[in-house]
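Next up, target38.txt (compact mmCIF, C-alpha atoms):
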# COMPACT_ATOMS: atom_id res chain seq x y z
CA MET A 14 40.40 4.64 -1.07
CA GLN A 15 37.39 2.98 0.54
CA THR A 16 33.99 3.40 -1.05
CA VAL A 17 30.62 2.60 0.39
CA LYS A 18 27.23 2.94 -1.16
CA MET A 19 23.69 3.47 -0.05
CA VAL A 20 20.67 2.99 -2.26
CA VAL A 21 17.62 5.20 -2.54
CA THR A 22 14.69 3.30 -3.94
CA GLY A 23 10.94 3.72 -4.23
CA PRO A 24 8.12 4.03 -6.75
CA PHE A 25 8.11 6.24 -9.82
CA ASN A 26 8.18 9.99 -9.04
CA ALA A 27 8.72 9.48 -5.31
CA GLY A 28 11.54 12.06 -5.32
CA LYS A 29 14.63 9.86 -5.37
CA THR A 30 16.61 11.90 -7.90
CA GLU A 31 15.89 15.17 -6.08
CA TYR A 32 16.89 13.55 -2.78
CA ILE A 33 20.32 12.57 -4.08
CA GLN A 34 20.76 15.89 -5.88
CA THR A 35 20.12 17.77 -2.63
CA VAL A 36 23.17 16.38 -0.81
CA SER A 37 25.48 15.24 -3.58
CA GLU A 38 28.67 17.24 -4.00
CA ILE A 39 28.65 16.51 -7.71
CA ASP A 40 25.87 17.04 -10.20
CA VAL A 41 23.96 13.82 -10.08
CA VAL A 42 25.01 11.51 -12.84
CA SER A 43 21.57 10.73 -14.06
CA THR A 44 20.51 8.34 -16.78
CA GLU A 45 17.19 9.93 -17.52
CA LYS A 46 15.05 9.76 -20.60
CA LYS A 47 11.94 11.60 -21.63
CA ILE A 48 8.72 10.04 -20.43
CA SER A 49 6.96 8.26 -23.25
CA SER A 50 4.04 6.63 -21.46
CA GLU A 51 0.94 8.80 -21.02
CA ALA A 52 0.30 7.25 -17.61
CA GLU A 53 3.70 8.29 -16.35
CA LYS A 54 3.68 11.86 -17.66
CA ILE A 55 3.73 13.38 -14.20
CA LYS A 56 7.22 14.66 -14.87
CA ASP A 57 9.25 15.26 -18.01
CA ALA A 58 11.99 12.69 -17.52
CA THR A 59 12.61 9.61 -15.43
CA THR A 60 15.54 7.52 -14.28
CA VAL A 61 15.97 4.43 -16.42
CA ALA A 62 19.20 2.96 -15.13
CA MET A 63 20.31 4.79 -12.03
CA ASP A 64 21.13 8.10 -10.41
CA PHE A 65 24.48 8.50 -8.92
CA GLY A 66 25.61 11.05 -6.31
CA ARG A 67 28.74 11.37 -4.19
CA ILE A 68 29.73 12.60 -0.72
CA THR A 69 33.45 12.60 -0.02
CA VAL A 70 34.21 11.97 3.66
CA ASP A 71 37.98 12.40 3.44
CA ASP A 72 40.93 11.29 1.30
CA SER A 73 40.29 7.67 2.15
CA LEU A 74 36.50 7.32 2.20
CA VAL A 75 33.73 8.16 -0.27
CA LEU A 76 30.01 7.54 0.05
CA TYR A 77 28.04 6.96 -3.13
CA LEU A 78 24.29 7.34 -3.27
CA PHE A 79 22.54 5.33 -5.94
CA GLY A 80 18.98 6.02 -6.96
CA THR A 81 17.07 3.21 -8.56
CA PRO A 82 14.67 3.59 -11.47
CA GLY A 83 11.13 3.76 -10.17
CA GLN A 84 9.33 2.22 -13.07
CA LYS A 85 8.68 -1.50 -12.83
CA ARG A 86 9.95 -2.25 -16.29
CA PHE A 87 13.45 -1.21 -15.24
CA ASP A 88 13.48 -3.34 -12.11
CA PHE A 89 16.21 -5.55 -13.52
CA MET A 90 18.52 -2.73 -12.33
CA TRP A 91 17.40 -3.05 -8.72
CA GLU A 92 19.28 -6.25 -7.98
CA ILE A 93 22.43 -4.94 -9.65
CA LEU A 94 22.30 -1.70 -7.66
CA SER A 95 21.58 -3.42 -4.38
CA GLU A 96 24.76 -5.47 -4.47
CA GLY A 97 27.11 -4.48 -1.67
CA MET A 98 24.96 -1.67 -0.31
CA LEU A 99 25.49 -0.42 3.23
CA GLY A 100 21.79 0.20 3.65
CA PHE A 101 18.84 1.56 1.74
CA ILE A 102 16.12 4.16 1.92
CA VAL A 103 12.65 3.47 0.57
CA MET A 104 11.19 6.77 -0.57
CA VAL A 105 7.42 7.08 -0.69
CA ASP A 106 5.41 9.98 -2.10
CA SER A 107 3.12 10.96 0.81
CA THR A 108 0.64 12.55 -1.57
CA ARG A 109 0.07 9.49 -3.76
CA PRO A 110 -1.54 6.61 -1.86
CA GLU A 111 -1.85 4.75 -5.14
CA THR A 112 1.90 4.11 -4.93
CA PHE A 113 1.92 2.75 -1.36
CA ARG A 114 1.33 -0.86 -2.41
CA GLU A 115 4.15 -0.65 -4.92
CA ALA A 116 6.42 0.90 -2.28
CA ARG A 117 5.68 -2.05 -0.03
CA THR A 118 6.55 -4.47 -2.83
CA ILE A 119 9.81 -2.63 -3.56
CA LEU A 120 10.71 -2.70 0.14
CA GLU A 121 10.14 -6.44 0.32
CA THR A 122 12.09 -7.00 -2.88
CA PHE A 123 15.11 -5.09 -1.57
CA ARG A 124 14.93 -6.86 1.78
CA ALA A 125 15.07 -10.12 -0.12
CA TYR A 126 18.12 -8.97 -2.08
CA ALA A 127 20.16 -8.05 0.99
CA PRO A 128 19.62 -8.24 4.76
CA THR A 129 20.93 -4.71 5.23
CA PRO A 130 19.40 -2.00 7.42
CA TYR A 131 16.87 0.36 5.88
CA ILE A 132 14.51 3.19 6.68
CA VAL A 133 11.38 4.49 4.96
CA ALA A 134 11.13 8.19 4.06
CA ALA A 135 7.67 9.75 3.73
CA ASN A 136 8.55 12.35 1.11
CA LYS A 137 6.71 15.54 0.06
CA GLN A 138 5.52 16.17 3.61
CA ASP A 139 5.54 19.88 2.83
CA LEU A 140 2.56 19.49 0.48
CA SER A 141 -0.96 20.09 1.73
CA ASP A 142 -2.34 16.78 0.50
CA ALA A 143 0.39 14.68 2.12
CA TRP A 144 -0.79 11.80 4.31
CA GLU A 145 0.22 11.89 7.94
CA VAL A 146 3.26 9.77 8.71
CA GLU A 147 1.48 7.52 11.18
CA ASP A 148 -1.37 6.95 8.70
CA MET A 149 1.25 5.95 6.16
CA ARG A 150 2.79 3.51 8.62
CA ILE A 151 -0.53 1.71 8.86
CA ALA A 152 -1.14 1.89 5.12
CA LEU A 153 2.33 0.55 4.35
CA ARG A 154 1.96 -2.12 7.03
CA LEU A 155 5.24 -1.11 8.62
CA ASP A 156 6.23 -2.64 11.92
CA PRO A 157 6.60 -0.02 14.70
CA THR A 158 10.29 -0.89 14.90
CA ILE A 159 10.92 0.28 11.32
CA LYS A 160 11.91 3.92 11.09
CA LEU A 161 9.44 5.92 9.00
CA LEU A 162 10.56 9.53 8.78
CA PRO A 163 8.93 12.63 7.35
CA CYS A 164 11.01 13.98 4.51
CA VAL A 165 11.20 16.82 2.01
CA SER A 166 13.70 15.71 -0.60
CA VAL A 167 14.50 19.23 -1.78
CA ASP A 168 15.40 20.33 1.76
CA ARG A 169 18.99 19.62 2.71
CA GLU A 170 18.38 19.39 6.46
CA SER A 171 15.56 16.94 5.91
CA VAL A 172 17.70 14.77 3.65
CA LYS A 173 20.60 14.89 6.13
CA GLU A 174 18.26 13.81 8.92
CA THR A 175 17.11 10.72 7.02
CA LEU A 176 20.66 9.78 6.02
CA LEU A 177 21.77 10.11 9.64
CA GLU A 178 18.87 7.97 10.80
CA LEU A 179 19.90 5.27 8.34
CA LEU A 180 23.49 5.41 9.56
CA GLU A 181 22.34 5.23 13.19
CA THR A 182 20.27 2.18 12.22
CA ILE A 183 23.37 0.62 10.69
CA ILE A 184 25.33 1.22 13.93
CA THR A 185 22.52 -0.38 15.95
CA HIS A 186 22.51 -3.30 13.51
CA LEU A 187 26.27 -3.77 13.95
CA ASP A 188 25.92 -3.66 17.73
CA SER A 189 23.25 -6.33 17.66
CA GLU A 190 25.21 -8.79 15.51
CA MET B 16 -3.12 16.75 6.75
CA ALA B 17 -5.15 15.07 4.06
CA LEU B 18 -6.15 11.47 4.01
CA LYS B 19 -7.47 11.13 0.52
CA GLY B 20 -7.07 8.95 -2.52
CA ASN B 21 -8.88 6.49 -4.74
CA LEU B 22 -10.42 3.16 -3.75
CA ARG B 23 -8.70 1.71 -6.78
CA ASP B 24 -5.45 2.01 -4.87
CA PHE B 25 -6.59 1.87 -1.26
CA THR B 26 -9.54 -0.34 -0.42
CA ILE B 27 -12.39 0.31 2.00
CA THR B 28 -11.05 -2.47 4.20
CA GLN B 29 -7.64 -0.84 4.36
CA LEU B 30 -9.24 2.50 5.19
CA LEU B 31 -11.33 0.98 7.98
CA ASN B 32 -8.25 -0.72 9.33
CA LEU B 33 -6.37 2.56 9.34
CA ILE B 34 -9.25 4.42 11.04
CA ASN B 35 -9.57 1.64 13.61
CA LEU B 36 -5.88 1.47 14.47
CA ALA B 37 -5.42 5.24 14.56
CA ARG B 38 -8.65 5.64 16.62
CA LYS B 39 -9.75 8.40 14.29
CA THR B 40 -12.73 10.72 14.67
CA GLY B 41 -14.17 12.20 11.50
CA ALA B 42 -16.13 11.53 8.35
CA LEU B 43 -15.00 9.38 5.43
CA VAL B 44 -16.61 10.77 2.29
CA ILE B 45 -16.54 8.57 -0.80
CA GLU B 46 -17.61 9.72 -4.25
CA GLY B 47 -18.25 6.58 -6.29
CA PRO B 48 -18.96 6.41 -10.01
CA SER B 49 -22.74 6.44 -9.49
CA ASP B 50 -23.29 7.22 -5.82
CA SER B 51 -21.72 8.81 -2.80
CA ALA B 52 -21.40 7.73 0.81
CA THR B 53 -20.43 9.29 4.11
CA ILE B 54 -19.30 7.18 7.04
CA THR B 55 -18.69 8.87 10.35
CA PHE B 56 -16.40 7.52 13.04
CA ARG B 57 -15.74 8.38 16.64
CA ASP B 58 -12.54 7.21 18.32
CA GLY B 59 -12.09 4.57 15.63
CA LYS B 60 -15.62 3.17 15.94
CA LEU B 61 -18.37 3.47 13.35
CA ALA B 62 -20.94 6.03 14.44
CA TYR B 63 -23.05 6.66 11.35
CA ALA B 64 -23.27 5.81 7.64
CA HIS B 65 -25.18 7.43 4.84
CA LEU B 66 -25.47 6.24 1.25
CA GLY B 67 -27.02 7.98 -1.72
CA ALA B 68 -30.46 9.60 -1.59
CA SER B 69 -31.17 11.05 1.83
CA LYS B 70 -34.79 9.81 2.06
CA ASP B 71 -33.61 6.20 2.34
CA ASN B 72 -31.35 7.05 5.24
CA GLY B 73 -34.02 8.31 7.61
CA LEU B 74 -35.00 6.34 10.71
CA GLY B 75 -38.51 5.56 9.39
CA PRO B 76 -37.37 3.80 6.19
CA ILE B 77 -34.62 2.00 8.13
CA LEU B 78 -37.04 0.63 10.76
CA HIS B 79 -39.39 -0.43 7.96
CA LYS B 80 -36.63 -2.08 5.97
CA THR B 81 -35.47 -4.03 9.02
CA LYS B 82 -39.10 -5.04 9.75
CA VAL B 83 -39.20 -3.37 13.16
CA ILE B 84 -42.30 -1.43 12.11
CA SER B 85 -45.05 -2.62 9.77
CA LYS B 86 -45.92 -1.15 6.40
CA ALA B 87 -49.02 0.46 7.90
CA GLN B 88 -47.01 2.00 10.74
CA PHE B 89 -44.47 3.29 8.25
CA GLY B 90 -47.27 4.81 6.18
CA THR B 91 -48.63 6.60 9.24
CA LEU B 92 -45.17 7.90 10.14
CA LYS B 93 -44.71 9.26 6.62
CA LYS B 94 -47.93 11.21 6.96
CA ARG B 95 -47.58 12.46 10.53
CA ALA B 96 -43.87 12.60 11.30
CA SER B 97 -42.22 13.47 8.01
CA GLU B 98 -40.80 16.72 9.40
CA MET B 99 -39.30 15.12 12.51
CA SER B 100 -35.60 14.51 12.93
CA ASP B 101 -34.43 10.94 13.55
CA LYS B 102 -33.81 11.71 17.22
CA GLU B 103 -37.30 13.18 17.69
CA LEU B 104 -38.90 10.29 15.84
CA GLY B 105 -36.93 7.73 17.84
CA LEU B 106 -38.05 9.27 21.14
CA LEU B 107 -41.65 9.42 19.96
CA LEU B 108 -41.65 5.74 18.95
CA ILE B 109 -40.00 4.63 22.21
CA ASN B 110 -42.36 6.73 24.35
CA SER B 111 -45.34 5.41 22.40
CA GLY B 112 -44.20 1.84 23.09
CA TYR B 113 -43.86 0.91 19.41
CA VAL B 114 -40.16 0.12 19.62
CA THR B 115 -37.42 -0.15 22.21
CA GLN B 116 -34.12 1.71 22.18
CA GLU B 117 -32.44 -1.61 21.42
CA ASP B 118 -34.68 -2.09 18.36
CA ILE B 119 -33.56 1.25 16.99
CA ILE B 120 -29.87 0.67 17.63
CA THR B 121 -29.99 -2.83 16.14
CA SER B 122 -31.84 -1.55 13.05
CA LEU B 123 -29.35 1.25 12.53
CA GLN B 124 -26.44 -1.14 12.93
CA THR B 125 -27.97 -3.50 10.36
CA HIS B 126 -28.55 -0.61 7.98
CA PHE B 127 -25.00 0.71 8.38
CA MET B 128 -23.61 -2.79 7.83
CA ASP B 129 -25.66 -3.06 4.61
CA ILE B 130 -24.14 0.20 3.42
CA LEU B 131 -20.64 -1.01 4.16
CA ASN B 132 -21.30 -4.30 2.39
CA LYS B 133 -22.23 -2.28 -0.68
CA LEU B 134 -19.13 -0.17 -0.33
CA PHE B 135 -16.92 -3.26 -0.21
CA ALA B 136 -17.95 -3.91 -3.80
CA TRP B 137 -16.81 -0.46 -4.94
CA ALA B 138 -13.58 -0.80 -6.84
CA GLU B 139 -13.39 2.86 -7.77
CA GLY B 140 -14.16 6.09 -5.93
CA ILE B 141 -12.48 9.20 -4.62
CA PHE B 142 -12.29 9.21 -0.85
CA GLN B 143 -11.41 11.86 1.68
CA PHE B 144 -11.31 11.66 5.45
CA LYS B 145 -12.49 14.87 7.13
CA ASN B 146 -10.87 14.96 10.53
CA GLY B 147 -13.07 15.89 13.48
CA GLU B 148 -16.41 15.87 11.64
CA SER B 149 -19.13 14.36 13.77
CA VAL B 150 -22.52 12.75 13.21
CA PRO B 151 -25.17 15.29 12.04
CA ASP B 152 -27.08 16.66 15.05
CA ASP B 153 -30.43 15.24 13.93
CA LYS B 154 -29.10 11.70 13.44
CA ILE B 155 -28.76 8.91 16.00
CA PRO B 156 -25.17 7.76 16.45
CA VAL B 157 -24.23 4.16 17.21
CA ARG B 158 -20.97 2.70 18.37
CA MET B 159 -19.83 -0.27 16.30
CA ASP B 160 -16.45 -1.92 16.62
CA LEU B 161 -14.76 -2.03 13.24
CA GLU B 162 -13.04 -5.37 13.68
CA ASN B 163 -16.01 -7.46 12.56
CA ILE B 164 -16.75 -5.10 9.70
CA ILE B 165 -13.15 -5.31 8.55
CA MET B 166 -13.36 -9.10 8.73
CA GLU B 167 -16.40 -9.02 6.50
CA GLY B 168 -14.69 -6.72 4.02
CA SER B 169 -11.61 -8.86 4.10
CA ARG B 170 -13.61 -11.85 2.96
CA HIS B 171 -14.44 -9.95 -0.22
CA LEU B 172 -10.79 -9.25 -0.83
CA ARG B 173 -9.52 -12.58 0.36
CA GLU B 174 -9.33 -14.27 -3.00
CA LEU B 175 -7.28 -11.49 -4.54
CA GLU B 176 -5.06 -11.15 -1.51
CA GLN B 177 -4.51 -14.89 -1.30
CA LEU B 178 -3.54 -15.02 -4.93
CA LYS B 179 -1.07 -12.19 -4.42
CA ASP B 180 0.39 -13.92 -1.40
CA GLU B 181 0.68 -17.19 -3.27
CA LEU B 182 2.14 -15.49 -6.32
CA PRO B 183 3.82 -12.29 -5.14
CA ASN B 184 6.25 -12.08 -8.04
CA LEU B 185 5.00 -12.34 -11.60
CA ASP B 186 8.56 -12.05 -12.89
CA MET B 187 9.10 -15.69 -12.06
CA ALA B 188 8.90 -18.27 -14.83
CA LEU B 189 7.13 -21.63 -14.91
CA LYS B 190 8.18 -25.09 -15.86
CA PHE B 191 6.29 -28.33 -16.05
CA THR B 192 6.90 -30.61 -13.11
CA ASP B 193 8.90 -33.76 -13.68
CA ARG B 194 6.36 -35.89 -11.89
CA PRO B 195 5.93 -39.17 -13.73
CA GLY B 196 2.42 -40.25 -14.68
CA VAL B 197 0.97 -36.78 -15.12
CA ASN B 198 -0.68 -36.55 -18.50
CA LEU B 199 -1.60 -32.97 -19.33
CA ARG B 200 -4.00 -34.10 -22.03
CA SER B 201 -6.16 -35.83 -19.48
CA VAL B 202 -6.59 -32.67 -17.40
CA ASN B 203 -9.73 -30.64 -18.04
CA MET B 204 -8.69 -27.08 -18.75
CA SER B 205 -10.42 -23.98 -20.07
CA VAL B 206 -9.36 -22.27 -23.29
CA GLU B 207 -7.54 -19.57 -21.28
CA GLU B 208 -5.71 -22.21 -19.25
CA TRP B 209 -4.59 -23.99 -22.42
CA ARG B 210 -3.37 -20.71 -23.85
CA VAL B 211 -1.29 -20.11 -20.74
CA VAL B 212 0.01 -23.67 -20.83
CA SER B 213 1.15 -23.19 -24.42
CA TYR B 214 3.49 -20.39 -23.29
CA ILE B 215 4.99 -22.20 -20.30
CA ASN B 216 8.70 -22.22 -20.76
CA PRO B 217 11.59 -21.46 -18.36
CA LYS B 218 12.44 -18.45 -20.53
CA ASN B 219 9.01 -16.82 -20.24
CA SER B 220 8.12 -14.89 -17.12
CA ILE B 221 4.52 -14.96 -15.93
CA THR B 222 4.26 -11.27 -16.84
CA GLN B 223 5.32 -12.07 -20.40
CA ILE B 224 2.77 -14.87 -20.58
CA SER B 225 0.02 -12.56 -19.34
CA LYS B 226 0.93 -10.01 -22.03
CA ALA B 227 1.03 -12.65 -24.75
CA THR B 228 -2.36 -14.01 -23.71
CA SER B 229 -3.89 -10.58 -22.91
CA LEU B 230 -4.84 -11.73 -19.42
CA SER B 231 -5.05 -9.36 -16.46
CA ASP B 232 -2.84 -9.82 -13.40
CA MET B 233 -5.80 -11.29 -11.52
CA GLU B 234 -6.64 -13.74 -14.33
CA ILE B 235 -3.10 -14.93 -14.84
CA ARG B 236 -2.61 -15.32 -11.08
CA ARG B 237 -5.78 -17.40 -10.84
CA ILE B 238 -4.74 -19.71 -13.69
CA VAL B 239 -1.13 -20.09 -12.58
CA TYR B 240 -2.27 -20.74 -9.02
CA SER B 241 -4.61 -23.50 -10.15
CA LEU B 242 -1.84 -25.08 -12.24
CA LEU B 243 0.49 -24.88 -9.24
CA GLN B 244 -2.12 -26.36 -6.92
CA ALA B 245 -2.72 -29.20 -9.38
CA GLY B 246 0.99 -29.92 -9.28
CA LEU B 247 1.33 -29.47 -13.03
CA VAL B 248 3.86 -26.65 -12.94
CA GLU B 249 6.40 -25.15 -10.59
CA LEU B 250 7.91 -21.69 -10.20
CA ILE B 251 11.49 -21.07 -11.23
CA ARG B 252 13.68 -18.04 -11.84
CA PRO B 253 13.58 -17.07 -15.52
CA GLU B 254 16.52 -18.37 -17.52
CA GLY B 255 19.03 -15.66 -18.32
CA GLY B 256 18.04 -13.58 -15.30
CA PRO B 257 20.59 -12.37 -12.77
CA GLU B 258 21.99 -14.94 -10.37
CA PRO B 259 21.24 -14.66 -6.65
CA LEU B 260 23.63 -12.34 -4.92
CA PRO B 261 26.42 -13.65 -2.75
CA ASP B 262 26.40 -13.05 0.99
CA LEU B 263 26.53 -9.29 1.47
CA THR B 264 27.69 -9.17 5.06
CA SER B 265 30.90 -7.58 3.79
CA ALA B 266 29.06 -4.52 2.45
CA ILE B 267 30.86 -2.41 5.06
CA PRO B 268 34.63 -2.42 4.56
CA GLY B 269 36.63 -3.20 7.66
CA ALA B 270 38.30 -6.16 9.26
CA ASN B 271 36.09 -6.24 12.33
CA LYS B 272 33.01 -4.69 13.86
CA ASP B 273 34.92 -1.87 15.56
CA GLU B 274 36.50 -0.80 12.28
CA GLN B 275 33.13 -0.96 10.59
CA LYS B 276 31.54 1.17 13.31
CA THR B 277 34.37 3.68 13.03
CA LEU B 278 33.72 3.92 9.31
CA VAL B 279 30.00 4.50 9.80
CA ASN B 280 30.74 7.13 12.46
CA ARG B 281 32.99 8.92 9.98
CA LEU B 282 30.09 8.97 7.55
CA ILE B 283 27.82 10.35 10.27
CA GLY B 284 30.30 13.10 11.05
CA ARG B 285 30.60 14.06 7.40
CA ILE B 286 26.86 14.19 6.80
CA ARG B 287 26.32 16.29 9.93
CA SER B 288 28.83 18.78 8.56
CA LEU B 289 27.09 19.17 5.21

Would you give me this structure, written as structure tokens?
Amino acid sequence: MQTVKMVVTGPFNAGKTEYIQTVSEIDVVSTEKKISSEAEKIKDATTVAMDFGRITVDDSLVLYLFGTPGQKRFDFMWEILSEGMLGFIVMVDSTRPETFREARTILETFRAYAPTPYIVAANKQDLSDAWEVEDMRIALRLDPTIKLLPCVSVDRESVKETLLELLETIITHLDSE
Amino acid sequence: MALKGNLRDFTITQLLNLINLARKTGALVIEGPSDSATITFRDGKLAYAHLGASKDNGLGPILHKTKVISKAQFGTLKKRASEMSDKELGLLLINSGYVTQEDIITSLQTHFMDILNKLFAWAEGIFQFKNGESVPDDKIPVRMDLENIIMEGSRHLRELEQLKDELPNLDMALKFTDRPGVNLRSVNMSVEEWRVVSYINPKNSITQISKATSLSDMEIRRIVYSLLQAGLVELIRPEGGPEPLPDLTSAIPGANKDEQKTLVNRLIGRIRSL
């Protein structure tokens, strides 16, 4: 049995757990705990170690999706989770510009861990106060060559589209080596 | 869709850069802690700016402030032309030979630049960009490239940005350099710097030192940067932290590129079928 993994990372409350839950064939194995910090009480629980979802391709191949904890104090997990990843998705909450700088830092950190392909997903694009994708590109200082895709992490088609874009990026990366 | 947030997280300079690059037309409304401002743009260029009380934003006060008209002339205008719009007043002054069109444009540009210079100092404020909004009908629009304004704003932020560039990762630790002949006791340091120095140890990350000394990110960055520049300390990975990862080029199973591509294509096929 071959296994490959892709990592979904991004700031706190960007929608990483929902994203994995939307396409995983198993209930996401989530290591969540109740939020204790007042500043982070946007949601009831958060990922402290990792989320873990699975997509079985066939008898001989399984794809695992790992979600990283978004809070900075758990960033010791990032390096562990990034080891051996096929590629990664940086998820950004389009409605919270206060997290863009952190998203940029996380992106750079993961790029430093591994020179693997990645894309950026502008999540929560279904909400009225979401920033436009091209405005986010400028705000995140993303090169035009980096794929920045609109995303709604609770919508299966949207999640599939971003996963496929990452895989296409990986193919392009292999071709260019 | 909305372009809104807080200056705490997204600075004026970054907003101007975004508006410039995206060639936006509309009004940026900022509600600061003690004042509010509206800056209007057309095709990514500054067209108009308005700060606080409306009486200070009229053409008469602006021309007086920029010394284009005298105090006596301004007094006369206040008496005789107080009901006129800026456009009407501008035409009247030009036709009367008091000012030229260039005088008015230059004064407005100086006034708008003053407003932006004030805004650069705002660290807090709710902003919202209202797409498509144009300059009020009674106001005189200008056309100012944002590049120079952004440069000016960037100078305000430069110190902080430079410090972040120099010290992007506060999870690193510090150790004293092994340079012979450096005597720490002979270096003049502030109380805060000495407190930081007392915690320098390969086991302590800079974040931990900042917590122990109750210094903000900016303060600890400034002190560590000065110690680095003076050659007294160097950055190292904290002891006990994870080791650098090995080469990850084998993240995709497969003996060769074709096998790897086949594997990725199988993944693509599976995800399409979900």

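Any residue of chain A with an atom within 7 Å of chain B counts; using only C-alpha atoms, that gives Val17, Val70, Glu96, Gly97, Met98, Leu99, Pro110, Glu111, Ala127, Ser141, Asp142, Ala143, Trp144, Glu145, Asp148, Ile151, Ala152, Lys173, Leu177, Leu180, Ile184 and Leu187 of chain A.
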
Pick from B:Tyr63, B:Phe144, B:Phe89, B:Phe191: nearest to Leu243 of chain B, with all atoms listed in the file counted?
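Going through B:Tyr63, B:Phe144, B:Phe89, B:Phe191 one by one, the smallest distance to Leu243 of chain B is for B:Phe191.
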
How far is it from atom CA of Leu106 of chain B to atom CA of Ile155 of chain B, in Å with one decimal?
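Taking atom CA of Leu106 of chain B as the start and atom CA of Ile155 of chain B as the end point, the length is 10.6 Å.
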
One decimal, Å: what's the distance from atom CA of Arg67 of chain A over to atom CA of Ile39 of chain A, could you say?
6.2 Å

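Candidate residues B:Leu66, B:Leu182, B:Leu242, B:Leu61 were compared for distance to Asp160 of chain B, and the nearest is B:Leu61, using all atoms listed in the file.
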
Of the listed residues A:Ala134, A:Leu179, A:Val41, A:Met149, that which approaches Val165 of chain A most closely, counting only C-alpha atoms
A:Ala134
